[in-house]
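K.L.:
One structure, pasted below without further comment.
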Amino acid sequence: MLSLMGNCLSDLCGGGNSHSSNRHPKLSNRIIDRYAAETPNQGDLVVRSVNYLVNTNSRKHRTEKYSLSRRPINPKLIVRRGQAFELRITFERKFRYSEDVLSLVFLVKDEVNPNYSNRTEITVPVLDDRSARRYSFVSDSRWNARIIRTDHNVVTVEVNSSPESIIGEYLLVIDTKSPTRIDDSFFSNPISQSFIMLFNPWVRGDPVYMPEWSAKQEYVLNDQGIIWRGTHQQMKTTHWNFAQFEDDILEACLYALTNVGKLLPSDRNDPIKVARHIAAIVNSKDDHGIVVGNWGEDFSGGTEPTAWHGSQAILQQFYRTKRSVKFGQCWIFSGVTCSIARCLGIPCRVVTNYMSAHDTNNSITVDRFFNEDGDPVKKLNRDSIWNFHSWDEVWFKRPDLSISGAYDGWNVIDATPQESSEGIYRVGPTSVEAIKFGEINKPYDGFFVYAEVNADEVYWLYRDDKKPLKLITHSTDTIGVNISTKAEMKDKRVDITSNYKHKENSKAERDSLLKALKMTKNYFSRYYLNEKFEDVRFELLPIEDRLIGQPFNVTIRIHNNSNKVYTAEMTIHVRATPYNAEAQSWVIKQAHLVKTIGPKKTIDSDLIVQYGDYKDRLSSQSIFNISVMANIVETDYQHYMSIDYRLHLPNIELQTEGDIIVGRPFTVHLSLINPLPVPLTKARFSIEGPDYTTRVRLPVKGSIRPNDTVSTFAILTPKSSGKKRITAKFVSNELKDSDGMINIIVSDEFNNNEIYDERIDNNNNNPDDGENSYY
């Protein structure tokens, strides 16, 4: 027995392929349950069934919410790596401690040729308690297994996987050896049912380990969230259902991970490589990934981005059709990315950066070129500034950047297809800590992310090709403001700007920028050599908040600080623009004004924008850019300034009627007031929740006159108890992107819910006889 055990331990500790060579030759097949095991000899230890103890293991591994582990027929075991789980093996005869030897062989299911060298085939000898104590030198970083209980022909085995295991679907073969086998070989028992391995933020040895309990609850287990949109002065909340535990979501995530793009199964042990791969496969740009981007206004043939409630419908459609889903914009890409990361066990949160720079030439500046009328020069304007841009942060260690752990923690990944990285449209993972201190040459994509949050904005006057550019002005504090994410366990915004950069215009912030600029070869936009002119100062006053359909007023204030008289020429443009500020904007109103400003005087000039000016050119998110090109005639001094402005949209009011109990229908009433001076036509509501499988579309008959209230209702039946959220959307030909939300509590009919609290000791090894067995 000791000799056999010693051979098994040599496999465990690195010796290892000799054992696999004795197994049935068909074990190298990709799908293990397609072959039949060899005929057993008399006296062989043959497996009758295996019970994966799904209920018990799921609770211990915090995977009990996954639909796959909750289904009534053939629930699937889902475990997190680096943590013990139990198997109950039933044999055809009694297990004999003194004679029988067990070994477990785990195979990564989608590996064509599983092998020991790339860890897609893991052979784990099963020790008894005495052997386990004797060989306690075995590292915690390796797989190991021990017998913890026997009862005649039933053996319960505890398996500890490595915290660096490959994530994904695994197959199991149980090898047995008995004295009756004269060739000293193992008899292989392939098990028909697979199981799934995920990352584990609860285990210190896993690079994704998170120490705080509340952080894991928020960034791994929370299936609801908030994504911020709008402008930095007028933020808009979008309630998003990540739905990472719902029907087909884990299957969709694993399918995309293994079938879209090029990621070797052997690389799936590394969260850095997995996160970089997720950033690539969520967009469809290269490998027919999950979501098709569309920043226009024509969404025929797909779903308008503002109509999505969450990730579930997107991932389910992708998994069902195996085709990219239309359409998405940045917050859609970030929402789906977060769902996939949390589903796989990588802590993740959605982050919104306001006034987000898109630097196309790694200059760490955003260079904007205008003619004398204030019109952008399209052939020169390649950089842009988005009103907002959403990406994701994922949490893990970065040993590739520093062995000291200096760059561990949050890393940016971005699936919105803006620029390619190593030939593929993706960004990151980029260390947030490295960005803050200007370490932009560290992998991956530091130049791009640094510019998004901390570039300087430079305005140039272009007269014609034969005249030199003239620097109008520059700004050091307009890029990267109000960087926002959801608070832990609360529906509130947290400003994390200080994570990305030091205080604007502080010495530390300027030093960081200087360090970054020294790493780029593009210096042209750093020549800030313009004459200063302090006599006249221009100011664009903040615009009063208005509901869509109402007029708004643009005011330019001019201060003459001198004892001279000056003449100011101003060209004002009001443009309806998409949030990503591409050239696809429309001038809805413009004016050319000439004002004389006396000594020590301040004057205001106004431009009123009516609903009739913008109703036919309103962008899908009701955002405007107001720009002013000013010139002091006497000195040829130019000044350019701009602000973004968003009209507010009406909220949908939601009210529930009746008790909200599992399995019983209740009513949700929805209403909205038409704020426009014109009727709304072809209107419809959609509602999602309280369970993500419930999505109802509610068309509205007829038109809705100005200031009238449109009301409807839906009858919903909750399938599970607990805190839930119902979200609603409203669209019509004239009004889009209105939404609403209500939080509810669904009660269990008998009020006997068992609440699992991870802080309670999980070391309960009581048998669970009600669980399914597989062979």
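Ordering of the structure tokens sets the chain letters (A, B, ...), residue numbers begin anew at 1 in every chain, and ligands are numbered from 1 in the order given.
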Tell me which protein, DNA and RNA residues are within 10 Å of Asn259 (chain A), counting only C-alpha atoms, leaving out same-chain ones fewer than 5 positions away, and put them as a tab-separated table (two decimals) with all heavy atoms, in the first residue's frame.

P.N.:
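Dumped everything to result12.tsv:
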chain	number	residue	atom	x	y	z
A	110	ASP	N	-12.77	21.54	-22.86
A	110	ASP	CA	-12.62	22.06	-24.22
A	110	ASP	C	-11.19	21.96	-24.75
A	110	ASP	O	-10.92	22.44	-25.85
A	110	ASP	CB	-13.11	23.51	-24.30
A	110	ASP	CG	-12.32	24.44	-23.41
A	110	ASP	OD1	-12.20	24.13	-22.21
A	110	ASP	OD2	-11.83	25.47	-23.89
A	253	CYS	N	-21.30	32.92	-21.02
A	253	CYS	CA	-19.97	33.44	-20.69
A	253	CYS	C	-18.89	32.43	-21.04
A	253	CYS	O	-17.85	32.78	-21.62
A	253	CYS	CB	-19.90	33.80	-19.21
A	253	CYS	SG	-20.98	35.17	-18.72
A	254	LEU	N	-19.11	31.16	-20.68
A	254	LEU	CA	-18.11	30.13	-20.98
A	254	LEU	C	-18.01	29.89	-22.48
A	254	LEU	O	-16.92	29.66	-23.01
A	254	LEU	CB	-18.47	28.84	-20.25
A	254	LEU	CG	-18.35	28.87	-18.73
A	254	LEU	CD1	-18.82	27.56	-18.12
A	254	LEU	CD2	-16.91	29.16	-18.31
A	281	ILE	N	-13.67	40.21	-26.57
A	281	ILE	CA	-14.78	39.44	-27.12
A	281	ILE	C	-16.14	40.07	-26.87
A	281	ILE	O	-17.12	39.66	-27.50
A	281	ILE	CB	-14.77	38.01	-26.55
A	281	ILE	CG1	-15.02	38.00	-25.03
A	281	ILE	CG2	-13.48	37.29	-26.90
A	281	ILE	CD1	-15.12	36.61	-24.43
A	287	ASP	N	-13.68	39.54	-33.81
A	287	ASP	CA	-13.94	38.10	-33.81
A	287	ASP	C	-15.42	37.77	-33.73
A	287	ASP	O	-15.80	36.73	-33.20
A	287	ASP	CB	-13.22	37.45	-32.62
A	287	ASP	CG	-11.72	37.69	-32.68
A	287	ASP	OD1	-11.11	37.29	-33.68
A	287	ASP	OD2	-11.17	38.26	-31.73
A	289	GLY	N	-17.72	39.13	-31.89
A	289	GLY	CA	-18.00	39.05	-30.47
A	289	GLY	C	-19.44	39.37	-30.14
A	289	GLY	O	-20.33	39.39	-31.00
A	322	LYS	N	-25.64	32.52	-31.51
A	322	LYS	CA	-24.20	32.49	-31.79
A	322	LYS	C	-23.82	33.60	-32.76
A	322	LYS	O	-22.86	33.50	-33.52
A	322	LYS	CB	-23.77	31.13	-32.36
A	322	LYS	CG	-24.17	29.93	-31.49
A	322	LYS	CD	-23.58	30.01	-30.10
A	322	LYS	CE	-23.82	28.75	-29.27
A	322	LYS	NZ	-25.23	28.55	-28.90

K.L.:
Excluding same-chain residues fewer than 2 positions from Asp400 (chain A), what lies within 12 Å of it counting only C-alpha atoms, as a PyMOL selection string?

P.N.:
chain A and resi 207+270-273+396-398+402-408+429-431+442-444

K.L.:
Keeping only N, CA, C and O atoms, take the residues you just selected and write them out as a PDB file, in the first residue's frame.

P.N.:
ATOM      1  N   PRO A 207      -5.172  35.099  -7.252  1.00  0.00           N
ATOM      2  CA  PRO A 207      -4.822  36.504  -7.538  1.00  0.00           C
ATOM      3  C   PRO A 207      -5.998  37.464  -7.482  1.00  0.00           C
ATOM      4  O   PRO A 207      -5.797  38.673  -7.362  1.00  0.00           O
ATOM      5  N   ASP A 270      -5.063  32.502 -15.579  1.00  0.00           N
ATOM      6  CA  ASP A 270      -4.502  33.818 -15.301  1.00  0.00           C
ATOM      7  C   ASP A 270      -5.577  34.888 -15.486  1.00  0.00           C
ATOM      8  O   ASP A 270      -6.023  35.126 -16.617  1.00  0.00           O
ATOM      9  N   PRO A 271      -6.019  35.566 -14.413  1.00  0.00           N
ATOM     10  CA  PRO A 271      -7.072  36.580 -14.570  1.00  0.00           C
ATOM     11  C   PRO A 271      -6.645  37.755 -15.435  1.00  0.00           C
ATOM     12  O   PRO A 271      -7.491  38.425 -16.021  1.00  0.00           O
ATOM     13  N   ILE A 272      -5.338  38.015 -15.538  1.00  0.00           N
ATOM     14  CA  ILE A 272      -4.871  39.100 -16.397  1.00  0.00           C
ATOM     15  C   ILE A 272      -5.198  38.780 -17.861  1.00  0.00           C
ATOM     16  O   ILE A 272      -5.752  39.610 -18.586  1.00  0.00           O
ATOM     17  N   LYS A 273      -4.870  37.563 -18.271  1.00  0.00           N
ATOM     18  CA  LYS A 273      -5.136  37.162 -19.660  1.00  0.00           C
ATOM     19  C   LYS A 273      -6.629  37.009 -19.911  1.00  0.00           C
ATOM     20  O   LYS A 273      -7.119  37.371 -20.986  1.00  0.00           O
ATOM     21  N   PHE A 396      -7.379  42.352  -9.296  1.00  0.00           N
ATOM     22  CA  PHE A 396      -6.471  41.216  -9.137  1.00  0.00           C
ATOM     23  C   PHE A 396      -5.050  41.723  -8.968  1.00  0.00           C
ATOM     24  O   PHE A 396      -4.759  42.915  -9.136  1.00  0.00           O
ATOM     25  N   LYS A 397      -4.165  40.797  -8.641  1.00  0.00           N
ATOM     26  CA  LYS A 397      -2.749  41.119  -8.476  1.00  0.00           C
ATOM     27  C   LYS A 397      -2.095  41.299  -9.840  1.00  0.00           C
ATOM     28  O   LYS A 397      -2.515  40.706 -10.830  1.00  0.00           O
ATOM     29  N   ARG A 398      -1.029  42.110  -9.875  1.00  0.00           N
ATOM     30  CA  ARG A 398      -0.280  42.339 -11.118  1.00  0.00           C
ATOM     31  C   ARG A 398       1.192  41.978 -10.920  1.00  0.00           C
ATOM     32  O   ARG A 398       2.068  42.854 -10.915  1.00  0.00           O
ATOM     33  N   SER A 402       5.037  44.291 -10.994  1.00  0.00           N
ATOM     34  CA  SER A 402       5.914  44.479  -9.833  1.00  0.00           C
ATOM     35  C   SER A 402       5.769  43.299  -8.890  1.00  0.00           C
ATOM     36  O   SER A 402       4.640  42.887  -8.585  1.00  0.00           O
ATOM     37  N   ILE A 403       6.889  42.787  -8.410  1.00  0.00           N
ATOM     38  CA  ILE A 403       6.832  41.695  -7.437  1.00  0.00           C
ATOM     39  C   ILE A 403       6.475  42.212  -6.045  1.00  0.00           C
ATOM     40  O   ILE A 403       6.130  41.440  -5.159  1.00  0.00           O
ATOM     41  N   SER A 404       6.553  43.520  -5.853  1.00  0.00           N
ATOM     42  CA  SER A 404       6.246  44.108  -4.550  1.00  0.00           C
ATOM     43  C   SER A 404       4.753  44.260  -4.307  1.00  0.00           C
ATOM     44  O   SER A 404       4.328  44.546  -3.193  1.00  0.00           O
ATOM     45  N   GLY A 405       3.939  44.104  -5.342  1.00  0.00           N
ATOM     46  CA  GLY A 405       2.505  44.317  -5.213  1.00  0.00           C
ATOM     47  C   GLY A 405       2.083  45.764  -5.342  1.00  0.00           C
ATOM     48  O   GLY A 405       0.935  46.106  -5.039  1.00  0.00           O
ATOM     49  N   ALA A 406       2.977  46.619  -5.829  1.00  0.00           N
ATOM     50  CA  ALA A 406       2.685  48.057  -5.908  1.00  0.00           C
ATOM     51  C   ALA A 406       1.518  48.354  -6.842  1.00  0.00           C
ATOM     52  O   ALA A 406       0.837  49.369  -6.677  1.00  0.00           O
ATOM     53  N   TYR A 407       1.287  47.498  -7.815  1.00  0.00           N
ATOM     54  CA  TYR A 407       0.244  47.772  -8.811  1.00  0.00           C
ATOM     55  C   TYR A 407      -0.923  46.789  -8.701  1.00  0.00           C
ATOM     56  O   TYR A 407      -1.735  46.687  -9.614  1.00  0.00           O
ATOM     57  N   ASP A 408      -1.006  46.071  -7.586  1.00  0.00           N
ATOM     58  CA  ASP A 408      -2.146  45.186  -7.369  1.00  0.00           C
ATOM     59  C   ASP A 408      -3.407  46.013  -7.118  1.00  0.00           C
ATOM     60  O   ASP A 408      -3.334  47.153  -6.658  1.00  0.00           O
ATOM     61  N   PRO A 429      -5.802  44.828 -19.363  1.00  0.00           N
ATOM     62  CA  PRO A 429      -5.953  45.542 -18.082  1.00  0.00           C
ATOM     63  C   PRO A 429      -4.818  46.538 -17.819  1.00  0.00           C
ATOM     64  O   PRO A 429      -3.655  46.222 -18.003  1.00  0.00           O
ATOM     65  N   THR A 430      -5.219  47.728 -17.391  1.00  0.00           N
ATOM     66  CA  THR A 430      -4.316  48.829 -17.110  1.00  0.00           C
ATOM     67  C   THR A 430      -4.393  49.171 -15.633  1.00  0.00           C
ATOM     68  O   THR A 430      -5.477  49.481 -15.121  1.00  0.00           O
ATOM     69  N   SER A 431      -3.274  49.124 -14.939  1.00  0.00           N
ATOM     70  CA  SER A 431      -3.264  49.406 -13.507  1.00  0.00           C
ATOM     71  C   SER A 431      -3.691  50.841 -13.228  1.00  0.00           C
ATOM     72  O   SER A 431      -3.092  51.791 -13.753  1.00  0.00           O
ATOM     73  N   LYS A 442       3.696  50.807 -18.846  1.00  0.00           N
ATOM     74  CA  LYS A 442       3.485  49.458 -18.336  1.00  0.00           C
ATOM     75  C   LYS A 442       2.286  48.832 -19.047  1.00  0.00           C
ATOM     76  O   LYS A 442       1.337  49.518 -19.401  1.00  0.00           O
ATOM     77  N   PRO A 443       2.336  47.518 -19.257  1.00  0.00           N
ATOM     78  CA  PRO A 443       1.207  46.855 -19.931  1.00  0.00           C
ATOM     79  C   PRO A 443      -0.065  46.991 -19.081  1.00  0.00           C
ATOM     80  O   PRO A 443       0.027  46.875 -17.853  1.00  0.00           O
ATOM     81  N   TYR A 444      -1.236  47.208 -19.713  1.00  0.00           N
ATOM     82  CA  TYR A 444      -1.416  47.378 -21.142  1.00  0.00           C
ATOM     83  C   TYR A 444      -2.089  48.719 -21.382  1.00  0.00           C
ATOM     84  O   TYR A 444      -2.920  49.141 -20.577  1.00  0.00           O
TER      85      TYR A 444
END

K.L.:
As a VMD selection string, please: every residue in region 260-421 of chain A that DSSP puts in strand (DSSP E or B).

P.N.:
chain A and resid 283 291 to 293 310 325 to 328 348 to 358 365 to 370 376 384 to 396 409 to 414 420 to 421

K.L.:
List the spatial neighbours of Thr555 (chain A) as a PyMOL selection string - criterion: any atom at most 6 Å away, only C-alpha atoms, same-chain residues fewer than 5 positions off excluded.

P.N.:
chain A and resi 541+605-606

K.L.:
Compile the contact shell of region 241-245 of chain A as an NGL selection string: residues with an atom at most 10 Å away, counting only C-alpha atoms, same-chain residues fewer than 6 positions apart removed.

P.N.:
:A and (63-70 or 220-226 or 253 or 308-313 or 315 or 335-344 or 688-689 or 691-693 or 725-727)

K.L.:
Would you mind writing down, as a PyMOL selection string, each residue of region 251-314 of chain A that DSSP on the backbone assigns to alpha helix (DSSP H)?

P.N.:
chain A and resi 251-259+271-281+312-314

K.L.:
Keeping only C-alpha atoms, write the selected residues to a file as a compact mmCIF listing (two decimals), in the first residue's frame.

P.N.:
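The new file out.txt reads:
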# COMPACT_ATOMS: atom_id res chain seq x y z
CA GLU A 251 -23.21 29.03 -20.31
CA ALA A 252 -23.03 32.12 -22.53
CA CYS A 253 -19.97 33.44 -20.69
CA LEU A 254 -18.11 30.13 -20.98
CA TYR A 255 -19.09 29.79 -24.63
CA ALA A 256 -17.78 33.27 -25.44
CA LEU A 257 -14.62 32.70 -23.41
CA THR A 258 -13.78 29.45 -25.17
CA ASN A 259 -15.14 29.98 -28.70
CA PRO A 271 -7.07 36.58 -14.57
CA ILE A 272 -4.87 39.10 -16.40
CA LYS A 273 -5.14 37.16 -19.66
CA VAL A 274 -8.78 36.34 -19.10
CA ALA A 275 -9.71 39.98 -18.42
CA ARG A 276 -7.83 41.13 -21.54
CA HIS A 277 -9.68 38.50 -23.54
CA ILE A 278 -13.07 39.56 -22.15
CA ALA A 279 -12.35 43.15 -23.24
CA ALA A 280 -11.83 41.83 -26.79
CA ILE A 281 -14.78 39.44 -27.12
CA GLN A 312 -29.32 39.08 -19.66
CA ALA A 313 -31.28 39.59 -22.88
CA ILE A 314 -28.04 40.40 -24.71

K.L.:
Taking 3 positions as the minimum chain separation for residues in the same chain, which residues sit within 8 Å of region 292-295 of chain A when counting only C-alpha atoms? Answer as an MDAnalysis selection string.

P.N.:
chainID A and resid 283:285 289 299 324:329 416:417 578 580

K.L.:
For the selection just defined, write its residues with N, CA, C and O atoms to a file, as a PDB file, in the first residue's frame.

P.N.:
ATOM      1  N   ASN A 283     -16.962  43.105 -27.711  1.00  0.00           N
ATOM      2  CA  ASN A 283     -17.319  43.843 -28.934  1.00  0.00           C
ATOM      3  C   ASN A 283     -17.145  42.933 -30.143  1.00  0.00           C
ATOM      4  O   ASN A 283     -16.389  41.965 -30.118  1.00  0.00           O
ATOM      5  N   SER A 284     -17.835  43.270 -31.221  1.00  0.00           N
ATOM      6  CA  SER A 284     -17.862  42.413 -32.407  1.00  0.00           C
ATOM      7  C   SER A 284     -16.808  42.788 -33.440  1.00  0.00           C
ATOM      8  O   SER A 284     -16.769  42.209 -34.524  1.00  0.00           O
ATOM      9  N   LYS A 285     -15.946  43.732 -33.110  1.00  0.00           N
ATOM     10  CA  LYS A 285     -15.083  44.347 -34.111  1.00  0.00           C
ATOM     11  C   LYS A 285     -14.152  43.338 -34.796  1.00  0.00           C
ATOM     12  O   LYS A 285     -13.942  43.410 -36.005  1.00  0.00           O
ATOM     13  N   GLY A 289     -17.716  39.130 -31.890  1.00  0.00           N
ATOM     14  CA  GLY A 289     -17.998  39.045 -30.468  1.00  0.00           C
ATOM     15  C   GLY A 289     -19.439  39.369 -30.138  1.00  0.00           C
ATOM     16  O   GLY A 289     -20.330  39.390 -30.999  1.00  0.00           O
ATOM     17  N   PHE A 299     -31.069  52.694 -35.787  1.00  0.00           N
ATOM     18  CA  PHE A 299     -30.890  51.419 -35.103  1.00  0.00           C
ATOM     19  C   PHE A 299     -31.804  50.342 -35.683  1.00  0.00           C
ATOM     20  O   PHE A 299     -32.132  49.373 -35.009  1.00  0.00           O
ATOM     21  N   SER A 324     -23.503  38.116 -33.149  1.00  0.00           N
ATOM     22  CA  SER A 324     -23.381  39.376 -32.418  1.00  0.00           C
ATOM     23  C   SER A 324     -24.735  40.053 -32.297  1.00  0.00           C
ATOM     24  O   SER A 324     -25.564  40.007 -33.216  1.00  0.00           O
ATOM     25  N   VAL A 325     -24.957  40.713 -31.164  1.00  0.00           N
ATOM     26  CA  VAL A 325     -26.238  41.341 -30.856  1.00  0.00           C
ATOM     27  C   VAL A 325     -26.160  42.830 -31.193  1.00  0.00           C
ATOM     28  O   VAL A 325     -25.196  43.511 -30.845  1.00  0.00           O
ATOM     29  N   LYS A 326     -27.181  43.343 -31.831  1.00  0.00           N
ATOM     30  CA  LYS A 326     -27.257  44.752 -32.210  1.00  0.00           C
ATOM     31  C   LYS A 326     -28.234  45.468 -31.283  1.00  0.00           C
ATOM     32  O   LYS A 326     -29.336  44.967 -31.064  1.00  0.00           O
ATOM     33  N   PHE A 327     -27.916  46.605 -30.705  1.00  0.00           N
ATOM     34  CA  PHE A 327     -26.715  47.426 -30.813  1.00  0.00           C
ATOM     35  C   PHE A 327     -26.273  47.830 -29.425  1.00  0.00           C
ATOM     36  O   PHE A 327     -27.052  47.771 -28.472  1.00  0.00           O
ATOM     37  N   GLY A 328     -25.044  48.328 -29.334  1.00  0.00           N
ATOM     38  CA  GLY A 328     -24.544  48.791 -28.052  1.00  0.00           C
ATOM     39  C   GLY A 328     -23.744  50.063 -28.181  1.00  0.00           C
ATOM     40  O   GLY A 328     -23.241  50.403 -29.254  1.00  0.00           O
ATOM     41  N   GLN A 329     -23.625  50.781 -27.069  1.00  0.00           N
ATOM     42  CA  GLN A 329     -22.694  51.890 -26.916  1.00  0.00           C
ATOM     43  C   GLN A 329     -21.930  51.663 -25.619  1.00  0.00           C
ATOM     44  O   GLN A 329     -22.061  50.604 -25.008  1.00  0.00           O
ATOM     45  N   THR A 416     -15.301  48.755 -25.251  1.00  0.00           N
ATOM     46  CA  THR A 416     -15.785  49.640 -26.319  1.00  0.00           C
ATOM     47  C   THR A 416     -14.720  49.740 -27.400  1.00  0.00           C
ATOM     48  O   THR A 416     -13.577  50.094 -27.110  1.00  0.00           O
ATOM     49  N   PRO A 417     -15.049  49.430 -28.650  1.00  0.00           N
ATOM     50  CA  PRO A 417     -14.022  49.402 -29.707  1.00  0.00           C
ATOM     51  C   PRO A 417     -13.630  50.800 -30.167  1.00  0.00           C
ATOM     52  O   PRO A 417     -14.207  51.348 -31.113  1.00  0.00           O
ATOM     53  N   PRO A 578     -23.959  63.462 -30.357  1.00  0.00           N
ATOM     54  CA  PRO A 578     -23.919  62.221 -29.576  1.00  0.00           C
ATOM     55  C   PRO A 578     -22.944  62.364 -28.425  1.00  0.00           C
ATOM     56  O   PRO A 578     -22.071  63.236 -28.436  1.00  0.00           O
ATOM     57  N   ASN A 580     -20.423  60.721 -27.610  1.00  0.00           N
ATOM     58  CA  ASN A 580     -19.008  60.480 -27.885  1.00  0.00           C
ATOM     59  C   ASN A 580     -18.381  61.601 -28.707  1.00  0.00           C
ATOM     60  O   ASN A 580     -17.224  61.492 -29.111  1.00  0.00           O
TER      61      ASN A 580
END
